[in-house]
$ cat my_file.txt   # compact mmCIF, C-alpha atoms
# COMPACT_ATOMS: atom_id res chain seq x y z
CA MET A 1 0.00 0.00 0.00
CA GLU A 2 2.89 2.35 0.75
CA ASP A 3 4.39 1.69 -2.68
CA LEU A 4 1.01 2.38 -4.19
CA THR A 5 0.56 5.78 -2.52
CA LYS A 6 4.12 6.70 -3.48
CA ALA A 7 3.41 5.82 -7.10
CA LEU A 8 0.06 7.69 -6.93
CA ALA A 9 1.81 10.79 -5.70
CA THR A 10 4.14 10.89 -8.69
CA ASP A 11 1.82 9.55 -11.43
CA LEU A 12 -1.87 9.73 -10.55
CA ASP A 13 -3.24 8.83 -14.00
CA GLY A 14 -0.79 6.00 -14.59
CA THR A 15 -1.24 4.46 -11.15
CA PHE A 16 -4.95 4.84 -10.57
CA PRO A 17 -5.95 1.76 -12.62
CA THR A 18 -3.71 -0.29 -10.30
CA VAL A 19 -5.58 1.14 -7.30
CA VAL A 20 -8.83 -0.03 -8.88
CA GLU A 21 -7.37 -3.51 -9.49
CA THR A 22 -5.92 -3.74 -5.99
CA MET A 23 -8.90 -2.38 -4.06
CA GLY A 24 -11.78 -3.22 -6.42
CA SER A 25 -12.73 -6.64 -5.16
CA GLN A 26 -12.58 -5.86 -1.44
CA LEU A 27 -14.57 -2.64 -1.89
CA PHE A 28 -17.16 -4.34 -4.07
CA TRP A 29 -17.61 -7.43 -1.91
CA GLY A 30 -17.56 -5.44 1.30
CA LEU A 31 -20.22 -3.10 -0.04
CA ARG A 32 -22.14 -6.04 -1.46
CA ARG A 33 -22.31 -7.63 2.00
CA ILE A 34 -23.14 -4.37 3.77
CA CYS A 35 -25.88 -3.17 1.41
CA GLY A 36 -27.16 -6.60 0.32
CA ASP A 37 -27.63 -5.63 -3.35
CA HIS A 38 -25.33 -6.57 -6.21
CA GLN A 39 -26.18 -3.71 -8.58
CA GLU A 40 -26.07 -1.09 -5.87
CA ALA A 41 -22.70 -2.38 -4.71
CA GLU A 42 -21.38 -2.13 -8.29
CA ASP A 43 -22.63 1.44 -8.58
CA LEU A 44 -21.20 2.41 -5.19
CA THR A 45 -17.82 0.83 -5.95
CA GLN A 46 -17.53 2.62 -9.29
CA GLU A 47 -18.64 5.93 -7.78
CA THR A 48 -16.20 5.54 -4.88
CA PHE A 49 -13.26 5.27 -7.28
CA ILE A 50 -14.47 8.17 -9.42
CA ARG A 51 -14.81 10.42 -6.36
CA ALA A 52 -11.45 9.26 -5.06
CA TYR A 53 -9.76 10.08 -8.38
CA ARG A 54 -11.27 13.57 -8.44
CA ALA A 55 -10.23 14.21 -4.83
CA LEU A 56 -6.68 12.97 -5.43
CA GLY A 57 -6.38 15.35 -8.39
CA GLY A 58 -6.66 18.24 -5.94
CA TYR A 59 -4.17 16.92 -3.36
CA GLU A 60 -0.49 17.80 -3.07
CA PRO A 61 1.82 14.83 -3.82
CA ALA A 62 3.20 15.04 -0.25
CA ARG A 63 -0.30 14.54 1.12
CA ILE A 64 -1.02 11.58 -1.17
CA LYS A 65 2.23 9.91 -0.13
CA GLU A 66 1.18 10.04 3.55
CA MET A 67 -2.35 8.75 3.00
CA SER A 68 -3.77 5.53 4.44
CA LEU A 69 -5.36 4.49 1.19
CA ARG A 70 -7.64 1.72 2.42
CA PRO A 71 -9.38 3.60 5.26
CA TRP A 72 -9.60 6.68 3.04
CA LEU A 73 -11.34 4.78 0.21
CA TRP A 74 -13.61 3.00 2.65
CA THR A 75 -14.62 6.30 4.23
CA ILE A 76 -15.71 7.54 0.79
CA ALA A 77 -17.52 4.28 0.09
CA LEU A 78 -19.44 4.25 3.38
CA ASN A 79 -20.42 7.91 3.01
CA LEU A 80 -21.75 7.22 -0.48
CA GLY A 81 -23.60 4.18 0.78
CA ARG A 82 -25.24 6.23 3.52
CA ASN A 83 -26.38 8.94 1.14
CA HIS A 84 -27.47 6.49 -1.56
CA VAL A 85 -26.12 8.85 -4.16
CA ARG A 86 -27.22 7.50 -7.49
CA ASP A 87 -26.68 10.07 -10.21
CA ARG A 88 -26.31 7.52 -12.95
CA ALA A 89 -27.70 9.83 -15.62
CA ARG A 90 -24.56 11.91 -15.98
CA ARG A 91 -22.23 8.99 -16.03
CA PRO A 92 -21.25 6.95 -19.08
CA THR A 93 -22.40 3.36 -18.81
CA TYR A 94 -19.87 0.79 -19.87
CA VAL A 95 -21.80 -1.21 -22.43
CA GLU A 96 -21.10 -4.63 -21.00
CA LEU A 97 -21.55 -3.47 -17.44
CA THR A 98 -25.32 -3.68 -17.87
CA GLU A 99 -25.01 -7.30 -18.95
CA ALA A 100 -22.53 -8.15 -16.23
CA GLY A 101 -23.53 -9.67 -12.96
CA LYS A 102 -24.74 -13.05 -14.07
CA ASP A 103 -21.22 -14.31 -14.75
CA ASP A 104 -19.70 -12.90 -11.58
CA PRO A 105 -18.91 -15.60 -9.11
CA GLU A 106 -21.35 -15.61 -6.21
CA PRO A 107 -19.60 -18.26 -4.17
CA VAL A 108 -22.08 -18.87 -1.38
CA ASP A 109 -25.70 -18.87 -0.32
CA ASN A 110 -26.21 -15.15 -0.73
CA ALA A 111 -29.79 -14.99 0.37
CA ALA A 112 -28.94 -16.68 3.67
CA TRP A 113 -25.99 -14.41 4.32
CA ASP A 114 -27.92 -11.28 3.34
CA GLU A 115 -30.50 -12.23 5.93
CA ARG A 116 -27.94 -13.04 8.64
CA LEU A 117 -26.00 -9.82 8.10
CA ALA A 118 -29.16 -7.71 7.86
CA ALA A 119 -30.06 -8.88 11.36
CA LEU A 120 -26.97 -7.15 12.82
CA SER A 121 -27.00 -3.52 13.90
CA GLY A 122 -25.49 -1.11 11.35
CA PRO A 123 -22.18 -0.57 13.20
CA GLN A 124 -21.84 -4.31 13.89
CA ARG A 125 -22.47 -5.24 10.27
CA THR A 126 -19.99 -2.65 9.02
CA ALA A 127 -17.35 -3.69 11.54
CA VAL A 128 -17.75 -7.43 10.86
CA VAL A 129 -17.73 -7.02 7.07
CA LEU A 130 -14.77 -4.63 7.04
CA ARG A 131 -12.81 -6.88 9.39
CA HIS A 132 -13.54 -10.31 7.95
CA VAL A 133 -14.80 -9.84 4.37
CA ALA A 134 -12.70 -6.83 3.31
CA GLY A 135 -9.79 -7.71 5.61
CA LEU A 136 -9.19 -4.37 7.32
CA SER A 137 -7.41 -4.20 10.68
CA ILE A 138 -9.19 -2.89 13.77
CA ALA A 139 -7.10 0.29 13.53
CA GLU A 140 -8.10 0.78 9.88
CA ILE A 141 -11.79 0.28 10.68
CA SER A 142 -11.48 2.79 13.49
CA GLU A 143 -9.93 5.27 11.07
CA THR A 144 -12.65 4.57 8.50
CA THR A 145 -15.65 4.86 10.78
CA GLY A 146 -14.31 7.37 13.28
CA ARG A 147 -15.24 5.04 16.15
CA PRO A 148 -12.68 4.23 18.86
CA GLU A 149 -10.74 0.98 18.44
CA GLY A 150 -12.23 -0.50 21.61
CA THR A 151 -15.72 0.12 20.28
CA VAL A 152 -14.86 -1.39 16.90
CA LYS A 153 -13.44 -4.46 18.61
CA ALA A 154 -16.62 -4.84 20.63
CA ASP A 155 -18.76 -4.38 17.48
CA VAL A 156 -16.84 -7.14 15.68
CA HIS A 157 -17.01 -9.40 18.73
CA ARG A 158 -20.75 -8.95 19.29
CA GLY A 159 -21.46 -9.15 15.57
CA LEU A 160 -19.67 -12.48 15.28
CA ALA A 161 -21.44 -13.84 18.37
CA ARG A 162 -24.77 -12.82 16.91
CA LEU A 163 -23.97 -14.51 13.58
CA ARG A 164 -22.99 -17.73 15.37
CA GLU A 165 -26.26 -17.72 17.27
CA THR A 166 -28.24 -17.11 14.08
CA ILE A 167 -26.51 -19.95 12.23
CA GLU A 168 -27.01 -22.33 15.15
CA GLY A 169 -30.68 -21.41 15.27
CA GLU A 170 -31.03 -22.25 11.56
CA THR A 171 -30.16 -25.94 11.95
CA MET B 1 -15.72 -24.11 9.51
CA SER B 2 -15.26 -21.10 11.79
CA ILE B 3 -17.46 -18.09 11.27
CA GLU B 4 -14.41 -15.99 10.40
CA THR B 5 -13.42 -18.39 7.60
CA GLN B 6 -16.98 -18.41 6.28
CA LEU B 7 -17.00 -14.62 6.21
CA GLU B 8 -13.72 -14.57 4.27
CA GLY B 9 -15.42 -16.78 1.69
CA LEU B 10 -18.05 -14.06 1.14
CA ALA B 11 -15.60 -12.08 -0.98
CA GLY B 12 -14.84 -12.89 -4.60
CA GLY B 13 -13.22 -11.48 -7.70
CA ILE B 14 -13.36 -7.97 -9.07
CA PRO B 15 -16.70 -7.29 -10.79
CA HIS B 16 -16.63 -7.42 -14.56
CA GLY B 17 -16.46 -3.98 -16.15
CA LEU B 18 -15.43 -2.09 -13.01
CA GLY B 19 -12.10 -0.96 -14.45
CA GLU B 20 -13.78 0.30 -17.63
CA GLY B 21 -16.56 2.04 -15.70
CA VAL B 22 -14.06 3.86 -13.51
CA ALA B 23 -11.85 4.76 -16.50
CA LEU B 24 -14.86 6.33 -18.22
CA GLY B 25 -16.17 8.06 -15.11
CA THR B 26 -12.81 9.61 -14.33
CA GLY B 27 -12.02 10.48 -17.95
CA LEU B 28 -8.89 8.30 -17.94
CA ALA B 29 -10.43 6.69 -21.01
CA GLU B 30 -12.97 8.07 -23.47
CA GLY B 31 -16.12 6.28 -24.48
CA TYR B 32 -17.26 5.97 -28.08
CA ASP B 33 -20.49 5.04 -29.78
CA PHE B 34 -22.00 4.95 -33.28
CA TYR B 35 -24.50 7.47 -34.66
CA ASP B 36 -26.20 8.12 -37.99
CA SER B 37 -25.44 11.20 -40.07
CA ALA B 38 -25.98 12.57 -43.57
CA LEU B 39 -22.52 11.12 -44.34
CA GLY B 40 -23.39 7.66 -43.04
CA GLN B 41 -22.27 6.09 -39.80
CA VAL B 42 -20.10 8.27 -37.58
CA ILE B 43 -18.40 7.70 -34.25
CA VAL B 44 -18.72 10.14 -31.37
CA THR B 45 -16.32 10.07 -28.41
CA PHE B 46 -17.15 11.49 -25.00
CA ASN B 47 -15.83 11.90 -21.48
CA PRO B 48 -17.33 13.41 -18.30
CA GLU B 49 -16.77 16.95 -19.70
CA GLY B 50 -18.76 16.39 -22.88
CA VAL B 51 -18.49 15.22 -26.47
CA SER B 52 -14.85 15.37 -27.53
CA SER B 53 -14.66 14.19 -31.14
CA LEU B 54 -16.62 12.98 -34.16
CA ASP B 55 -15.28 11.05 -37.11
CA ILE B 56 -16.53 8.80 -39.88
CA ALA B 57 -16.57 5.23 -38.66
CA ASP B 58 -14.28 3.77 -41.32
CA GLY B 59 -10.68 3.86 -40.08
CA PHE B 60 -11.68 5.77 -36.96
CA GLU B 61 -9.47 4.03 -34.41
CA ASP B 62 -6.18 4.67 -36.20
CA ARG B 63 -6.95 8.35 -36.75
CA TYR B 64 -8.11 8.76 -33.14
CA LYS B 65 -4.98 7.08 -31.83
CA GLU B 66 -2.74 9.31 -33.90
CA ARG B 67 -4.50 12.53 -32.96
CA PHE B 68 -5.68 12.04 -29.37
CA GLY B 69 -3.84 8.91 -28.22
CA ARG B 70 -6.23 8.22 -25.34
CA PRO B 71 -7.57 4.82 -24.28
CA LEU B 72 -10.96 4.12 -25.86
CA ILE B 73 -13.85 2.05 -24.57
CA ARG B 74 -17.00 1.18 -26.47
CA ALA B 75 -19.78 2.55 -24.29
CA GLU B 76 -23.17 4.17 -24.23
CA ALA B 77 -23.07 7.92 -23.80
CA PRO B 78 -24.43 9.28 -20.50
CA LYS B 79 -28.21 9.00 -20.65
CA ALA B 80 -28.68 12.76 -20.33
CA TRP B 81 -26.69 13.28 -23.53
CA SER B 82 -27.45 10.36 -25.84
CA ARG B 83 -30.58 11.89 -27.39
CA HIS B 84 -28.88 15.30 -27.66
CA ILE B 85 -25.98 13.81 -29.60
CA GLN B 86 -28.19 12.49 -32.43
CA GLU B 87 -30.15 15.75 -32.52
CA SER B 88 -26.99 17.86 -32.55
CA ILE B 89 -25.65 15.90 -35.52
CA GLU B 90 -28.91 16.38 -37.42
CA ARG B 91 -29.22 20.06 -36.53
CA GLY B 92 -25.53 20.84 -37.06
CA SER B 93 -25.05 22.68 -33.79
CA PRO B 94 -24.28 21.64 -30.21
CA GLY B 95 -27.29 23.34 -28.58
CA ASP B 96 -27.37 22.13 -24.97
CA LEU B 97 -24.92 19.30 -25.61
CA PRO B 98 -21.70 19.89 -23.64
CA VAL B 99 -18.63 19.82 -25.87
CA ASP B 100 -15.10 19.21 -24.64
CA LEU B 101 -12.68 21.38 -26.63
CA ARG B 102 -9.68 20.96 -24.32
CA SER B 103 -7.77 19.34 -27.20
CA VAL B 104 -7.51 22.66 -29.07
CA THR B 105 -6.03 26.08 -28.22
CA GLU B 106 -7.96 28.99 -26.74
CA PHE B 107 -7.90 30.75 -30.14
CA GLN B 108 -9.23 27.63 -31.87
CA ARG B 109 -11.97 27.35 -29.25
CA ARG B 110 -13.14 30.89 -30.03
CA VAL B 111 -13.20 30.07 -33.75
CA LEU B 112 -15.21 26.92 -33.11
CA HIS B 113 -17.70 28.64 -30.79
CA THR B 114 -18.36 31.25 -33.48
CA THR B 115 -18.64 28.54 -36.12
CA ALA B 116 -21.20 26.75 -33.95
CA GLY B 117 -23.50 29.78 -34.29
CA ILE B 118 -23.73 29.77 -38.11
CA PRO B 119 -27.36 28.92 -38.98
CA LYS B 120 -28.24 25.72 -40.81
CA GLY B 121 -28.47 26.25 -44.58
CA GLU B 122 -26.11 29.24 -44.53
CA VAL B 123 -22.34 29.69 -44.91
CA ARG B 124 -19.78 32.28 -43.83
CA PRO B 125 -16.28 32.98 -45.13
CA TYR B 126 -13.16 32.47 -42.99
CA GLY B 127 -12.70 36.25 -42.90
CA TRP B 128 -16.13 36.67 -41.32
CA VAL B 129 -15.22 34.28 -38.48
CA ALA B 130 -11.92 36.16 -37.99
CA PHE B 131 -13.83 39.44 -37.76
CA GLU B 132 -16.40 38.01 -35.35
CA ILE B 133 -13.71 36.88 -32.89
CA ALA B 134 -12.07 40.31 -33.14
CA SER B 135 -8.96 39.00 -34.93
CA PRO B 136 -9.75 40.28 -38.44
CA LYS B 137 -6.24 39.64 -39.72
CA ALA B 138 -6.08 36.02 -38.53
CA VAL B 139 -7.89 34.61 -41.56
CA ARG B 140 -5.33 31.85 -42.19
CA ALA B 141 -5.28 30.88 -38.52
CA VAL B 142 -9.07 30.64 -38.66
CA GLY B 143 -8.75 28.34 -41.66
CA SER B 144 -6.41 26.03 -39.82
CA ALA B 145 -8.55 26.11 -36.66
CA VAL B 146 -11.61 25.10 -38.69
CA ALA B 147 -9.60 22.32 -40.34
CA LYS B 148 -8.69 21.01 -36.88
CA ASN B 149 -12.27 21.00 -35.62
CA PRO B 150 -12.39 17.81 -33.52
CA ILE B 151 -16.22 17.64 -33.60
CA PRO B 152 -17.34 18.23 -37.21
CA LEU B 153 -21.10 18.05 -38.01
CA ILE B 154 -21.93 19.03 -34.40
CA ILE B 155 -19.69 22.09 -34.73
CA PRO B 156 -20.66 22.86 -38.33
CA CYS B 157 -17.32 23.72 -39.94
CA HIS B 158 -18.86 22.68 -43.27
CA ARG B 159 -20.61 26.08 -43.10
CA VAL B 160 -17.31 27.98 -43.23
CA VAL B 161 -16.17 28.65 -46.82
CA ARG B 162 -13.22 30.31 -48.51
CA SER B 163 -13.00 34.07 -48.36
CA ASP B 164 -13.47 34.23 -52.15
CA GLY B 165 -16.82 32.51 -51.68
CA HIS B 166 -15.82 29.09 -53.04
CA ILE B 167 -16.87 26.11 -50.94
CA GLY B 168 -13.29 25.01 -50.27
CA ASN B 169 -11.83 22.09 -48.37
CA TYR B 170 -13.31 19.85 -45.72
CA SER B 171 -11.62 17.68 -43.15
CA LEU B 172 -14.31 15.01 -42.70
CA GLY B 173 -13.64 12.74 -45.67
CA GLY B 174 -12.96 15.47 -48.26
CA PRO B 175 -14.60 18.43 -50.07
CA HIS B 176 -17.33 16.37 -51.73
CA ASN B 177 -18.76 15.71 -48.26
CA LYS B 178 -18.92 19.45 -47.60
CA VAL B 179 -20.93 19.98 -50.79
CA GLU B 180 -23.18 17.06 -49.92
CA LEU B 181 -23.87 18.40 -46.42
CA LEU B 182 -24.61 21.91 -47.70
CA LEU B 183 -26.88 20.49 -50.37
CA ALA B 184 -28.73 18.40 -47.79
CA GLU B 185 -29.40 21.41 -45.57
CA GLY B 186 -30.54 23.63 -48.44
CA ALA B 187 -27.51 25.94 -48.71
CA GLN B 188 -27.46 25.68 -52.55
CA PRO B 189 -23.72 25.02 -52.99
CA ASP B 190 -24.01 25.19 -56.81
CA LEU B 191 -25.42 28.71 -56.64
CA LEU B 192 -22.73 29.73 -54.11
CA GLU B 193 -19.98 28.43 -56.43
CA GLU B 194 -21.48 30.27 -59.36
CA LEU B 195 -21.70 33.54 -57.46
CA ALA B 196 -18.10 33.09 -56.28
CA ALA B 197 -16.98 32.50 -59.87
CA HIS B 198 -18.54 35.87 -60.76
CA ASN B 199 -16.82 37.57 -57.81
CA VAL B 200 -20.12 38.18 -56.04
CA ARG B 201 -19.47 38.55 -52.30
CA VAL B 202 -22.68 40.15 -51.08
CA ARG B 203 -26.23 40.36 -52.37
CA ALA B 204 -28.51 43.31 -51.75
CA ASP B 205 -32.25 43.23 -51.30
CA VAL B 206 -33.16 46.43 -53.15
CA SER B 207 -36.61 46.73 -51.59
CA THR B 208 -35.30 46.70 -48.00
CA GLU B 209 -32.04 48.50 -48.93
CA THR B 210 -29.98 45.90 -47.05
CA TYR B 211 -27.06 43.74 -48.14
CA HIS B 212 -26.33 40.19 -47.05
CA HIS B 213 -24.11 37.16 -47.36
CA PRO B 214 -25.34 35.33 -50.46
CA SER B 215 -26.62 32.43 -48.32
CA CYS B 216 -28.50 34.60 -45.79
CA HIS B 217 -32.09 33.36 -45.63
CA LEU B 218 -33.37 36.96 -45.73
CA VAL B 219 -31.89 37.70 -49.17
CA ARG B 220 -32.73 34.28 -50.55
CA SER B 221 -36.42 35.06 -50.31
CA ALA B 222 -35.96 38.54 -51.84
CA THR B 223 -37.36 39.19 -55.34
CA ASN B 224 -35.33 42.24 -56.32
CA VAL B 225 -31.67 41.26 -55.79
CA LEU B 226 -28.51 43.16 -56.65
CA ASP B 227 -25.17 41.28 -56.79
CA LEU B 228 -22.12 43.17 -55.51
CA ARG B 229 -18.37 42.52 -55.27
CA SER B 230 -17.81 43.74 -51.71
CA ALA B 231 -19.41 45.08 -48.57
CA GLY B 232 -17.67 48.38 -49.40
CA ALA B 233 -19.47 48.57 -52.72
CA ALA B 234 -22.77 48.04 -50.92
CA GLU B 235 -21.98 50.71 -48.34
CA ALA B 236 -21.06 53.12 -51.16
CA ARG B 237 -24.59 52.69 -52.49
CA GLY B 238 -26.01 53.61 -49.11
CA LEU B 239 -27.19 50.06 -48.33
CA ARG B 240 -27.30 48.81 -44.73
CA ALA B 241 -25.62 45.60 -43.56
CA CYS B 242 -28.02 42.84 -42.51
CA PRO B 243 -28.01 42.65 -38.69
CA LEU B 244 -28.49 38.87 -38.77
CA CYS B 245 -25.74 37.68 -41.14
CA ARG B 246 -23.44 40.68 -40.50
CA PRO B 247 -21.78 40.76 -43.96
CA HIS B 248 -18.76 42.81 -42.85
CA SER B 249 -16.39 40.54 -44.70

$ encode --input "my_file.txt" --output "structure tokens"
Amino acid sequence: MEDLTKALATDLDGTFPTVVETMGSQLFWGLRRICGDHQEAEDLTQETFIRAYRALGGYEPARIKEMSLRPWLWTIALNLGRNHVRDRARRPTYVELTEAGKDDPEPVDNAAWDERLAALSGPQRTAVVLRHVAGLSIAEISETTGRPEGTVKADVHRGLARLRETIEGET
Amino acid sequence: MSIETQLEGLAGGIPHGLGEGVALGTGLAEGYDFYDSALGQVIVTFNPEGVSSLDIADGFEDRYKERFGRPLIRAEAPKAWSRHIQESIERGSPGDLPVDLRSVTEFQRRVLHTTAGIPKGEVRPYGWVAFEIASPKAVRAVGSAVAKNPIPLIIPCHRVVRSDGHIGNYSLGGPHNKVELLLAEGAQPDLLEELAAHNVRVRADVSTETYHHPSCHLVRSATNVLDLRSAGAAEARGLRACPLCRPHS
């Protein structure tokens, strides 16, 4: 990640596609599990990167070099998710994007997991998904959500306990 | 399987098309799509700022690569624009369609904005455009700016003709296309060529005592017409310049 921010600072346009490749799947799948909707997660992921690119264009290279890229991108993503910003009209639509979705691997019983995760409180769901689906550290989640690390830890802990209970109750 | 491991399994690969969508949305790549025109199928490119180029479909990619050198992605234009693009091509003016002219100089932009205001079915000489942008001596520079118009048809450079009144050259596939376009929109290119051959630069409507560019719709409907070699000759006769076509040069 440090190499990536260093490269971003010197060559934003040349490096940004690598940021999308590196962060795309964790942002998409994290958002997919938080919001429970494939299309919305695709929109939010795309919009997150577009906003990030525009913001980076206005930053000094020194600032970009010092950034924690993952929490920063996740902060943008979660803010977008909260506001449900969907100004698709102004944006070009990649032709095959509309046909995509069916071929994307959906590895597990999505309906079951959507239900289980939806039963958690908002902060618990976010904390659990960021920690265990997207793979962020507790410190990164704290930076993303602005909640203290102790609180994040408790959210993850309680969220996991709740999921275990739910799964046990299913059988 | 532990709950943590199960949760890790809830992630997968990168969604198909994400990279392209982001490239288009950020402008790191331009989108392109096909449209119909009087010259057959054309390709329009666009980015978040607006429509950036138009070219005939045949051989488009090589010419685009040489001139603009940006990554291209086949895509639908933003929904708010797609209808406007077809209408702008048919009308021969951008109207409300945003155009991205960052690929040309500030001077060229002024030339193209003035060109965009020439009414359908009419033409203006290079010298007129130069006068309108307050650079009356820059006639040659206007000619080269018009030749470099990245968005022909939508910015109607086919309506800019030589200062001697002849139809002249055209960048989009050659001069015959310019004649064809002018014919299709009722600008009577044959008549314009004939008048140019007889050194007619302006035409006066004797009944209203005004003089006009030969293609001005006001003089085309006039019954008592006087052909003249210059705006100066018209002024010398006490005729007034048409306020719509402004035949100062």

$ interface_residues --input "my_file.txt" --of "chain B" --to "chain A" --cutoff "7 Å" --atoms "all atoms listed in the file" --output "PyMOL selection string"
chain B and resi 3-4+7-8+10-22+24-26+28+48+74-80

$ residues_around --input "my_file.txt" --residues "Gly146 (chain A)" --least-positions-apart "5" --cutoff "12 Å" --atoms "only C-alpha atoms" --output "MDAnalysis selection string"
chainID A and resid 71:72 74:75 78:79 123 127 138:141 151:152

$ atom_distance --input "my_file.txt" --atom1 "CA of Ile34 (chain A)" --atom2 "CA of Gly81 (chain A)"
9.1 Å

$ residues_around --input "my_file.txt" --residues "region 100-109 of chain B" --least-positions-apart "3" --cutoff "9 Å" --atoms "all atoms listed in the file" --output "number ranges by chain"
B: 46-53, 68, 112-114, 133, 141-142, 144-146, 148-151

$ residues_near_point --input "my_file.txt" --point "(-16.2, 7.7, -26.1)" --cutoff "6 Å" --atoms "only C-alpha atoms" --output "VMD selection string"
chain B and resid 30 to 32 45 to 46

$ atom_distance --input "my_file.txt" --atom1 "CA of Thr166 (chain A)" --atom2 "CA of Leu31 (chain A)"
21.4 Å

$ closest_residue --input "my_file.txt" --among "A:Leu8, A:Thr144, A:Arg158, A:Met1" --to "Ile76 (chain A)" --atoms "all atoms listed in the file"
A:Thr144

$ atom_distance --input "my_file.txt" --atom1 "CA of Lys137 (chain B)" --atom2 "CA of Tyr170 (chain B)"
21.9 Å

$ axis_aligned_box --input "my_file.txt" --around "region 161-169 of chain A" --padding-each-side "4 Å" --output "lines of an AutoDock Vina configuration file"
center_x = -26.1
center_y = -17.6
center_z = 15.3
size_x = 17.2
size_y = 17.5
size_z = 14.1

$ residues_around --input "my_file.txt" --residues "Leu228 (chain B)" --least-positions-apart "6" --cutoff "7 Å" --atoms "only C-alpha atoms" --output "PyMOL selection string"
chain B and resi 200-203+234

$ residues_around --input "my_file.txt" --residues "Val179 (chain B)" --least-positions-apart "2" --cutoff "9 Å" --atoms "all atoms listed in the file" --output "number ranges by chain"
B: 158, 167, 175-177, 181-184, 188-190

$ residues_around --input "my_file.txt" --residues "Gln86 (chain B)" --least-positions-apart "4" --cutoff "8 Å" --atoms "all atoms listed in the file" --output "tab-separated table (two decimals) with C-alpha atoms, keeping the file's coordinate frame"
chain	number	residue	atom	x	y	z
B	35	TYR	CA	-24.50	7.47	-34.66
B	36	ASP	CA	-26.20	8.12	-37.99
B	82	SER	CA	-27.45	10.36	-25.84
B	90	GLU	CA	-28.91	16.38	-37.42
